[in-house]
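One file, run-v2.csv, carrying CSV, C-alpha atoms:
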```csv
chain,number,residue,atom,x,y,z
A,25,MET,CA,12.9,-14.5,-1.7
A,26,ALA,CA,9.5,-14.8,-0.2
A,27,VAL,CA,9.9,-18.6,0.1
A,28,GLY,CA,13.3,-18.0,1.8
A,29,LEU,CA,11.7,-15.7,4.4
A,30,SER,CA,8.8,-18.1,5.1
A,31,GLY,CA,11.3,-21.0,5.4
A,32,PHE,CA,13.3,-18.9,7.9
A,33,ALA,CA,10.1,-18.0,9.7
A,34,PHE,CA,9.0,-21.6,9.8
A,35,GLY,CA,12.3,-22.7,11.3
A,36,VAL,CA,12.1,-20.0,14.0
A,37,THR,CA,8.4,-20.8,14.7
A,38,SER,CA,9.0,-24.5,14.8
A,39,ALA,CA,11.9,-24.2,17.2
A,40,GLY,CA,10.0,-21.7,19.3
A,41,SER,CA,7.1,-24.3,19.5
A,42,GLY,CA,9.5,-26.7,21.1
A,43,LEU,CA,10.4,-29.0,18.2
A,44,THR,CA,14.0,-30.1,18.0
A,45,LEU,CA,16.3,-29.1,15.1
A,46,LEU,CA,16.0,-32.6,13.7
A,47,GLN,CA,12.2,-32.6,13.9
A,48,THR,CA,12.0,-29.1,12.3
A,49,CYS,CA,14.2,-30.1,9.4
A,50,ALA,CA,12.4,-33.4,9.0
A,51,LEU,CA,9.2,-31.5,8.5
A,52,SER,CA,10.6,-29.3,5.7
A,53,LEU,CA,12.3,-32.3,4.0
A,54,LEU,CA,9.4,-34.7,4.2
A,55,VAL,CA,6.3,-32.6,4.2
A,56,PHE,CA,7.4,-29.6,2.0
A,57,THR,CA,4.2,-27.7,1.9
A,58,GLY,CA,4.4,-24.6,4.0
A,59,ALA,CA,0.9,-24.0,5.3
A,60,SER,CA,0.6,-27.6,6.5
A,61,GLN,CA,3.9,-27.3,8.4
A,62,PHE,CA,3.0,-24.0,10.1
A,63,ALA,CA,-0.4,-25.5,11.0
A,64,LEU,CA,1.2,-28.6,12.5
A,65,VAL,CA,3.7,-26.9,14.7
A,66,GLY,CA,1.1,-24.4,15.8
A,67,ALA,CA,-1.3,-27.2,16.8
A,68,LEU,CA,1.4,-29.0,18.7
A,69,ALA,CA,2.5,-25.8,20.5
A,70,GLY,CA,-1.2,-25.3,21.4
A,71,GLY,CA,-1.2,-28.7,23.2
A,72,GLY,CA,-3.0,-30.6,20.4
A,73,ASN,CA,-2.6,-34.4,20.3
A,74,PRO,CA,-0.6,-35.7,17.3
A,75,PHE,CA,-3.7,-37.0,15.5
A,76,THR,CA,-5.8,-33.8,15.4
A,77,ALA,CA,-2.6,-31.8,14.7
A,78,ALA,CA,-1.8,-34.0,11.7
A,79,ALA,CA,-5.4,-34.0,10.5
A,80,GLY,CA,-5.4,-30.2,10.3
A,81,ALA,CA,-2.1,-30.2,8.4
A,82,PHE,CA,-3.4,-32.9,6.1
A,83,PHE,CA,-6.6,-31.0,5.1
A,84,LEU,CA,-4.5,-28.0,4.3
A,85,GLY,CA,-2.4,-30.2,2.0
A,86,VAL,CA,-5.4,-31.6,0.1
A,87,ARG,CA,-5.3,-28.7,-2.3
A,88,ASN,CA,-2.1,-30.2,-3.7
A,89,ALA,CA,-4.1,-33.1,-5.1
A,90,PHE,CA,-5.9,-30.7,-7.4
A,91,TYR,CA,-2.6,-29.1,-8.4
A,92,GLY,CA,-1.3,-32.6,-9.2
A,93,LEU,CA,-4.3,-33.2,-11.4
A,94,ARG,CA,-3.6,-30.1,-13.5
A,95,LEU,CA,0.1,-30.9,-13.6
A,96,SER,CA,-0.3,-34.5,-14.6
A,97,GLN,CA,-2.0,-33.4,-17.8
A,98,LEU,CA,0.6,-30.7,-18.6
A,99,LEU,CA,3.7,-32.7,-17.6
A,100,ALA,CA,2.6,-36.0,-19.1
A,101,LEU,CA,5.2,-37.9,-17.0
A,102,PRO,CA,5.8,-41.6,-17.3
A,103,ARG,CA,4.2,-43.4,-14.4
A,104,ALA,CA,7.5,-44.5,-13.0
A,105,VAL,CA,8.7,-40.9,-12.6
A,106,ARG,CA,5.5,-39.6,-10.9
A,107,PRO,CA,6.4,-40.7,-7.4
A,108,PHE,CA,9.6,-38.6,-7.6
A,109,ALA,CA,7.9,-35.5,-9.0
A,110,ALA,CA,5.0,-35.7,-6.5
A,111,GLN,CA,6.9,-34.1,-3.6
A,112,TRP,CA,7.3,-30.9,-5.7
A,113,VAL,CA,3.6,-30.5,-6.4
A,114,ILE,CA,2.9,-27.2,-4.5
A,115,ASP,CA,1.5,-23.8,-5.0
A,116,GLU,CA,4.5,-22.2,-6.6
A,117,THR,CA,5.6,-25.0,-9.0
A,118,THR,CA,2.0,-25.2,-10.2
A,119,ALA,CA,1.8,-21.5,-10.8
A,120,VAL,CA,5.0,-21.6,-12.8
A,121,ALA,CA,4.2,-24.7,-14.8
A,122,LEU,CA,0.7,-23.4,-15.7
A,123,ALA,CA,2.2,-20.3,-17.2
A,124,GLN,CA,4.5,-22.1,-19.7
A,125,PRO,CA,3.5,-22.3,-23.4
A,126,THR,CA,5.0,-25.8,-24.4
A,127,ARG,CA,5.3,-29.2,-22.7
A,128,ARG,CA,9.1,-28.9,-22.8
A,129,SER,CA,9.0,-25.6,-21.0
A,130,VAL,CA,6.4,-26.9,-18.6
A,131,ARG,CA,8.7,-29.7,-17.6
A,132,ILE,CA,11.7,-27.4,-17.3
A,133,GLY,CA,9.7,-24.8,-15.3
A,134,PHE,CA,8.4,-27.4,-12.9
A,135,THR,CA,11.8,-29.1,-12.4
A,136,VAL,CA,13.8,-25.9,-11.9
A,137,THR,CA,11.2,-24.3,-9.6
A,138,GLY,CA,10.7,-27.5,-7.6
A,139,LEU,CA,14.5,-28.0,-7.1
A,140,THR,CA,15.2,-24.4,-6.3
A,141,LEU,CA,12.4,-24.1,-3.8
A,142,TYR,CA,13.2,-27.4,-2.2
A,143,VAL,CA,16.8,-26.5,-1.6
A,144,LEU,CA,15.9,-22.9,-0.5
A,145,TRP,CA,13.1,-24.0,1.8
A,146,ASN,CA,15.2,-26.6,3.6
A,147,LEU,CA,18.3,-24.4,3.9
A,148,THR,CA,16.3,-21.5,5.3
A,149,THR,CA,14.4,-23.8,7.7
A,150,LEU,CA,17.7,-25.0,9.0
A,151,LEU,CA,19.0,-21.4,9.4
A,152,GLY,CA,15.7,-20.3,11.1
A,153,ALA,CA,15.9,-23.2,13.6
A,154,LEU,CA,19.5,-22.5,14.4
A,155,GLY,CA,18.8,-18.8,14.6
A,156,ALA,CA,15.9,-19.4,17.0
A,157,ASP,CA,18.3,-21.1,19.4
A,158,ALA,CA,20.8,-18.2,19.1
A,159,ILE,CA,18.0,-15.5,19.5
A,160,GLY,CA,16.7,-17.1,22.7
A,161,ASP,CA,13.3,-15.7,23.6
A,162,THR,CA,11.6,-15.6,20.1
A,163,ASP,CA,8.5,-13.9,21.5
A,164,ALA,CA,10.5,-10.8,22.5
A,165,TRP,CA,11.4,-10.3,18.8
A,166,GLY,CA,7.8,-10.7,17.8
A,167,LEU,CA,8.6,-13.8,15.8
A,168,ASP,CA,5.5,-15.6,17.1
A,169,ALA,CA,3.5,-13.3,14.9
A,170,ALA,CA,5.2,-14.7,11.7
A,171,GLY,CA,3.1,-17.8,11.6
A,172,PRO,CA,-0.3,-16.1,11.6
A,173,ALA,CA,1.0,-13.4,9.3
A,174,VAL,CA,2.0,-16.1,6.8
A,175,PHE,CA,-1.5,-17.6,7.0
A,176,LEU,CA,-3.1,-14.2,6.5
A,177,ALA,CA,-0.9,-13.5,3.5
A,178,LEU,CA,-2.0,-16.9,2.0
A,179,LEU,CA,-5.6,-16.3,2.8
A,180,ALA,CA,-6.0,-12.7,1.5
A,181,PRO,CA,-5.9,-13.5,-2.2
A,182,MET,CA,-8.4,-16.2,-1.8
A,183,LEU,CA,-11.1,-13.9,-0.4
A,184,LYS,CA,-12.4,-12.9,-3.8
A,185,THR,CA,-16.2,-13.3,-3.4
A,186,THR,CA,-18.7,-12.9,-0.7
A,187,MET,CA,-18.9,-16.7,-0.4
A,188,GLU,CA,-15.2,-17.0,0.6
A,189,ARG,CA,-15.6,-14.1,3.0
A,190,VAL,CA,-18.6,-15.8,4.7
A,191,VAL,CA,-16.6,-19.1,5.0
A,192,ALA,CA,-13.6,-17.2,6.5
A,193,GLY,CA,-15.8,-15.3,8.9
A,194,LEU,CA,-17.7,-18.4,10.0
A,195,ALA,CA,-14.4,-20.3,10.4
A,196,VAL,CA,-13.0,-17.6,12.6
A,197,VAL,CA,-16.1,-17.6,14.9
A,198,LEU,CA,-16.0,-21.5,15.1
A,199,GLY,CA,-12.3,-21.6,15.6
A,200,LEU,CA,-12.2,-19.1,18.4
A,201,GLY,CA,-15.6,-19.8,20.0
A,202,LEU,CA,-15.0,-23.6,20.3
A,203,LEU,CA,-11.4,-23.2,21.6
A,204,PRO,CA,-12.3,-23.1,25.3
A,205,VAL,CA,-14.8,-26.0,25.1
A,206,LEU,CA,-13.2,-28.6,22.8
A,207,PRO,CA,-9.9,-30.4,23.1
A,208,ALA,CA,-6.9,-28.7,21.5
A,209,GLY,CA,-6.7,-29.2,17.8
A,210,VAL,CA,-10.3,-30.1,17.3
A,211,PRO,CA,-11.8,-26.6,16.9
A,212,VAL,CA,-9.8,-26.0,13.8
A,213,LEU,CA,-11.2,-29.2,12.3
A,214,VAL,CA,-14.7,-28.1,13.2
A,215,ALA,CA,-14.0,-24.7,11.7
A,216,ALA,CA,-13.1,-26.5,8.4
A,217,LEU,CA,-16.7,-27.6,8.2
A,218,ALA,CA,-17.6,-24.0,7.5
A,219,ALA,CA,-16.6,-24.8,3.9
A,220,PRO,CA,-19.1,-27.6,3.2
A,221,ALA,CA,-21.7,-25.8,5.4
A,222,VAL,CA,-21.6,-22.6,3.4
A,223,LEU,CA,-21.5,-24.5,0.1
A,224,TRP,CA,-24.6,-26.5,1.2
A,225,ALA,CA,-26.5,-23.3,2.3
A,226,GLU,CA,-25.6,-21.6,-1.0
A,227,GLY,CA,-26.9,-24.6,-2.9
A,228,ARG,CA,-30.2,-24.5,-1.1
A,229,ARG,CA,-30.6,-20.8,-1.5
A,230,ARG,CA,-30.0,-21.0,-5.2
A,231,ALA,CA,-31.9,-24.2,-5.9
A,232,PRO,CA,-35.4,-22.6,-6.5
A,233,THR,CA,-34.2,-19.8,-8.7
A,234,GLY,CA,-31.5,-21.6,-10.7
A,235,PRO,CA,-27.9,-20.5,-11.1
A,236,ALA,CA,-27.4,-16.8,-10.3
A,237,GLU,CA,-24.5,-14.4,-10.9
A,238,ASP,CA,-21.5,-15.8,-9.1
A,239,ASP,CA,-19.1,-13.0,-8.5
A,240,ASP,CA,-20.8,-10.4,-6.3
A,241,THR,CA,-17.6,-8.9,-5.1
A,242,VAL,CA,-18.0,-5.9,-2.8
A,243,GLY,CA,-15.6,-3.2,-1.6
A,244,GLU,CA,-12.2,-3.0,-2.9
A,245,GLY,CA,-12.1,-6.6,-4.4
A,246,ARG,CA,-9.5,-7.7,-6.8
B,17,MET,CA,7.5,-39.3,20.6
B,18,ASN,CA,4.2,-37.7,20.0
B,19,ILE,CA,5.8,-35.1,17.8
B,20,TRP,CA,7.4,-37.7,15.7
B,21,ILE,CA,4.0,-39.4,15.3
B,22,ALA,CA,2.5,-36.2,14.1
B,23,ILE,CA,5.4,-35.5,11.7
B,24,GLY,CA,5.1,-39.0,10.3
B,25,LEU,CA,1.4,-38.8,9.8
B,26,THR,CA,1.6,-35.4,8.2
B,27,ALA,CA,4.5,-36.4,5.9
B,28,VAL,CA,2.7,-39.5,4.7
B,29,GLY,CA,-0.6,-37.8,4.3
B,30,CYS,CA,0.7,-34.8,2.5
B,31,TYR,CA,2.8,-36.9,0.1
B,32,ALA,CA,-0.1,-39.2,-0.6
B,33,VAL,CA,-2.4,-36.4,-1.7
B,34,LYS,CA,0.3,-34.9,-3.9
B,35,LEU,CA,0.8,-38.3,-5.6
B,36,ILE,CA,-2.9,-39.1,-5.9
B,37,GLY,CA,-3.3,-35.9,-7.9
B,38,LEU,CA,-0.7,-37.1,-10.4
B,39,LEU,CA,-1.9,-40.7,-10.6
B,40,ILE,CA,-5.7,-40.7,-10.7
B,41,PRO,CA,-7.5,-40.1,-14.0
B,42,ALA,CA,-8.7,-36.6,-14.7
B,43,GLY,CA,-12.4,-36.2,-14.4
B,44,LEU,CA,-12.7,-37.8,-11.0
B,45,LEU,CA,-11.8,-34.6,-9.2
B,46,GLU,CA,-13.2,-32.4,-12.0
B,47,ARG,CA,-16.8,-32.3,-10.6
B,48,PRO,CA,-17.8,-28.7,-9.9
B,49,LEU,CA,-18.9,-29.4,-6.3
B,50,VAL,CA,-15.6,-31.2,-5.5
B,51,GLN,CA,-13.6,-28.3,-7.0
B,52,ARG,CA,-15.5,-25.7,-5.1
B,53,LEU,CA,-15.1,-27.5,-1.8
B,54,ALA,CA,-11.4,-27.9,-2.5
B,55,ALA,CA,-11.1,-24.2,-3.0
B,56,LEU,CA,-13.1,-23.3,0.1
B,57,LEU,CA,-11.5,-25.8,2.5
B,58,PRO,CA,-8.2,-23.8,2.7
B,59,VAL,CA,-10.1,-20.6,3.2
B,60,ALA,CA,-11.8,-22.0,6.3
B,61,LEU,CA,-8.7,-23.6,7.7
B,62,LEU,CA,-6.4,-20.6,7.1
B,63,ALA,CA,-9.0,-18.2,8.6
B,64,ALA,CA,-9.4,-20.3,11.7
B,65,LEU,CA,-5.7,-20.8,12.1
B,66,THR,CA,-4.9,-17.1,11.7
B,67,ALA,CA,-7.5,-16.2,14.3
B,68,GLN,CA,-6.3,-18.9,16.8
B,69,GLN,CA,-2.7,-18.2,16.5
B,70,THR,CA,-3.3,-14.5,17.0
B,71,PHE,CA,-5.9,-14.5,19.7
B,72,ALA,CA,-5.3,-17.8,21.6
B,73,ASP,CA,-2.8,-18.8,24.2
B,74,GLY,CA,-3.4,-22.5,24.6
B,75,ARG,CA,-7.1,-22.8,25.2
B,76,VAL,CA,-7.5,-19.3,26.6
B,77,LEU,CA,-8.5,-16.3,24.4
B,78,VAL,CA,-6.1,-13.4,24.7
B,79,LEU,CA,-5.6,-9.9,23.2
B,80,ASP,CA,-1.9,-9.0,23.1
B,81,ALA,CA,0.8,-7.5,20.9
B,82,LYS,CA,0.2,-10.1,18.2
B,83,ALA,CA,-3.1,-8.5,17.4
B,84,ALA,CA,-1.4,-5.2,16.6
B,85,GLY,CA,1.1,-7.2,14.5
B,86,LEU,CA,-1.6,-8.9,12.5
B,87,ALA,CA,-3.4,-5.6,12.0
B,88,ALA,CA,-0.2,-4.2,10.5
B,89,ALA,CA,0.0,-7.3,8.3
B,90,ALA,CA,-3.6,-6.7,7.2
B,91,VAL,CA,-2.8,-3.1,6.3
B,92,ALA,CA,0.3,-4.2,4.4
B,93,LEU,CA,-1.9,-6.7,2.4
B,94,LEU,CA,-4.5,-4.0,1.6
B,95,LEU,CA,-1.7,-1.9,0.3
B,96,ARG,CA,-0.6,-4.9,-1.8
B,97,ALA,CA,2.8,-5.1,-0.2
B,98,PRO,CA,4.9,-8.1,-1.2
B,99,PHE,CA,4.8,-11.2,1.0
B,100,LEU,CA,8.1,-10.4,2.6
B,101,LEU,CA,6.9,-7.0,3.8
B,102,VAL,CA,3.7,-8.4,5.2
B,103,VAL,CA,5.4,-10.8,7.5
B,104,ALA,CA,8.1,-8.3,8.4
B,105,ALA,CA,5.4,-5.7,9.4
B,106,ALA,CA,3.7,-8.3,11.7
B,107,VAL,CA,7.0,-9.2,13.4
B,108,LEU,CA,8.3,-5.7,13.8
B,109,VAL,CA,5.0,-4.2,15.1
B,110,THR,CA,4.5,-7.1,17.5
B,111,ALA,CA,8.1,-6.7,18.9
B,112,GLY,CA,7.6,-2.9,19.0
B,113,VAL,CA,4.4,-3.1,21.0
B,114,ARG,CA,6.0,-5.6,23.4
B,115,ALA,CA,9.0,-3.4,23.9
B,116,MET,CA,6.8,-0.4,24.7
B,117,ALA,CA,4.6,-2.4,27.0
B,118,GLY,CA,7.3,-4.3,28.8
```

Structure encoded using structure tokens:
Amino acid sequence: MAVGLSGFAFGVTSAGSGLTLLQTCALSLLVFTGASQFALVGALAGGGNPFTAAAGAFFLGVRNAFYGLRLSQLLALPRAVRPFAAQWVIDETTAVALAQPTRRSVRIGFTVTGLTLYVLWNLTTLLGALGADAIGDTDAWGLDAAGPAVFLALLAPMLKTTMERVVAGLAVVLGLGLLPVLPAGVPVLVAALAAPAVLWAEGRRRAPTGPAEDDDTVGEGR
Amino acid sequence: MNIWIAIGLTAVGCYAVKLIGLLIPAGLLERPLVQRLAALLPVALLAALTAQQTFADGRVLVLDAKAAGLAAAAVALLLRAPFLLVVAAAVLVTAGVRAMAG
């Protein structure tokens, strides 16, 4: 259900960003990792060149390599099958597979979730792209707010500790502050450096005293 | 043409990282520093993208109805609303503010 709505929102956003129906559907079929797709069409709509736009989308997709690492141990697939399974290595399939008790159910869970989401994501993308053409001015319907809302919904559960909040805050400042001065698409890549920068600063701060308590969650944390 | 180049690069890149995870031996990515960086990278990217897509029009910073929509989404998230409701809140509030303003 949630995937269906974001697929629809992606189709609408992509069409509203000026991509053709074919380009929109090609993204969902070939890329199949939502955050990267939203990032790419957002960057292209903002006037970014194809290389910086693709770089931002790529870095968002890097997390899937870590999912794949987990999954390869659990699924224990023959090497010949792995290239076919790879396209389904995403947030949701990993979450489902990790929750299964046996190898057999891991494989079933991964396959069923992967197939279902792949079909659903691509169908709703198509509907969204078609719907956007029918709707006309997508901004009047507030649909340009769907992309950032999806990002925020993905981001919120990640903000568990002070460290993540500092990274997010720094990235916002860099992303907005550099927007007027750097070419389109580049500020987001510079903002990504907030992650290693904070990690490095944290390492330096901790080095003299040794490892400290990690989870200093404040406020209403989870 | 530029759009197709971007689509091609993204598709190849995103597929490659998925496949790499399945193919390389464990251990190589299991180093704590690599893991923490991998966890923090999406935080930085998503935060920057959320801010830019809300407060930027091209390369100019703006404050418009989308800011109200995002605030509504944030409230929905704090109330632990499901994903569907979060996105719907952002869309509806943005459309509502635009309708009142325009």

Self-check item: From A:Val222, A:Leu53, A:Val113, A:Leu122, residue lying nearest Thr186 (chain A) [all atoms listed in the file]
Solution: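 Among the listed residues, A:Val222 lies closest to Thr186 (chain A).
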
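Our summary of the geometry notes that CA of Val27 (chain A) is positioned 27.3 Å from CA of Ala215 (chain A).
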
Practice problem: Please determine the contact residues of chain B with respect to chain A at a cut-off of 6 Å, counting only C-alpha atoms, and supply them as a PyMOL selection string. | Solution: chain B and resi 18+22+26-27+29-30+33-35+37-38+56-64+66-67+69+74-75+82+100+103+106-107+110-111

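With only C-alpha atoms as the basis for measurement, B:Ala81 is the residue among B:Leu45, B:Leu53, B:Ala81, B:Ile36 that approaches Met116 (chain B) most closely.
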
Quiz item: By how many Å are CA of Phe34 (chain A) and CA of Thr149 (chain A) apart?
Solution: 6.2 Å

Exercise. Mind giving me the straight-line distance from CA of Ala97 (chain B) to CA of Arg114 (chain B) in Å, one decimal?
Key: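 Separation of CA of Ala97 (chain B) and CA of Arg114 (chain B): 23.8 Å.
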
Quiz prompt | Pick from A:Ala121, A:Val36, A:Ile159, A:Cys49, whichever lies nearest to Tyr142 (chain A) using only C-alpha atoms | solution =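 Ranked by minimum distance to Tyr142 (chain A), first place goes to A:Cys49.
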
Self-check item: Shell around Val120 (chain A) at 10 Å using all atoms listed in the file, local window under 2 positions removed, as a ChimeraX atom specification
Solution: /A:115-118,122-124,129-130,132-134,136-138
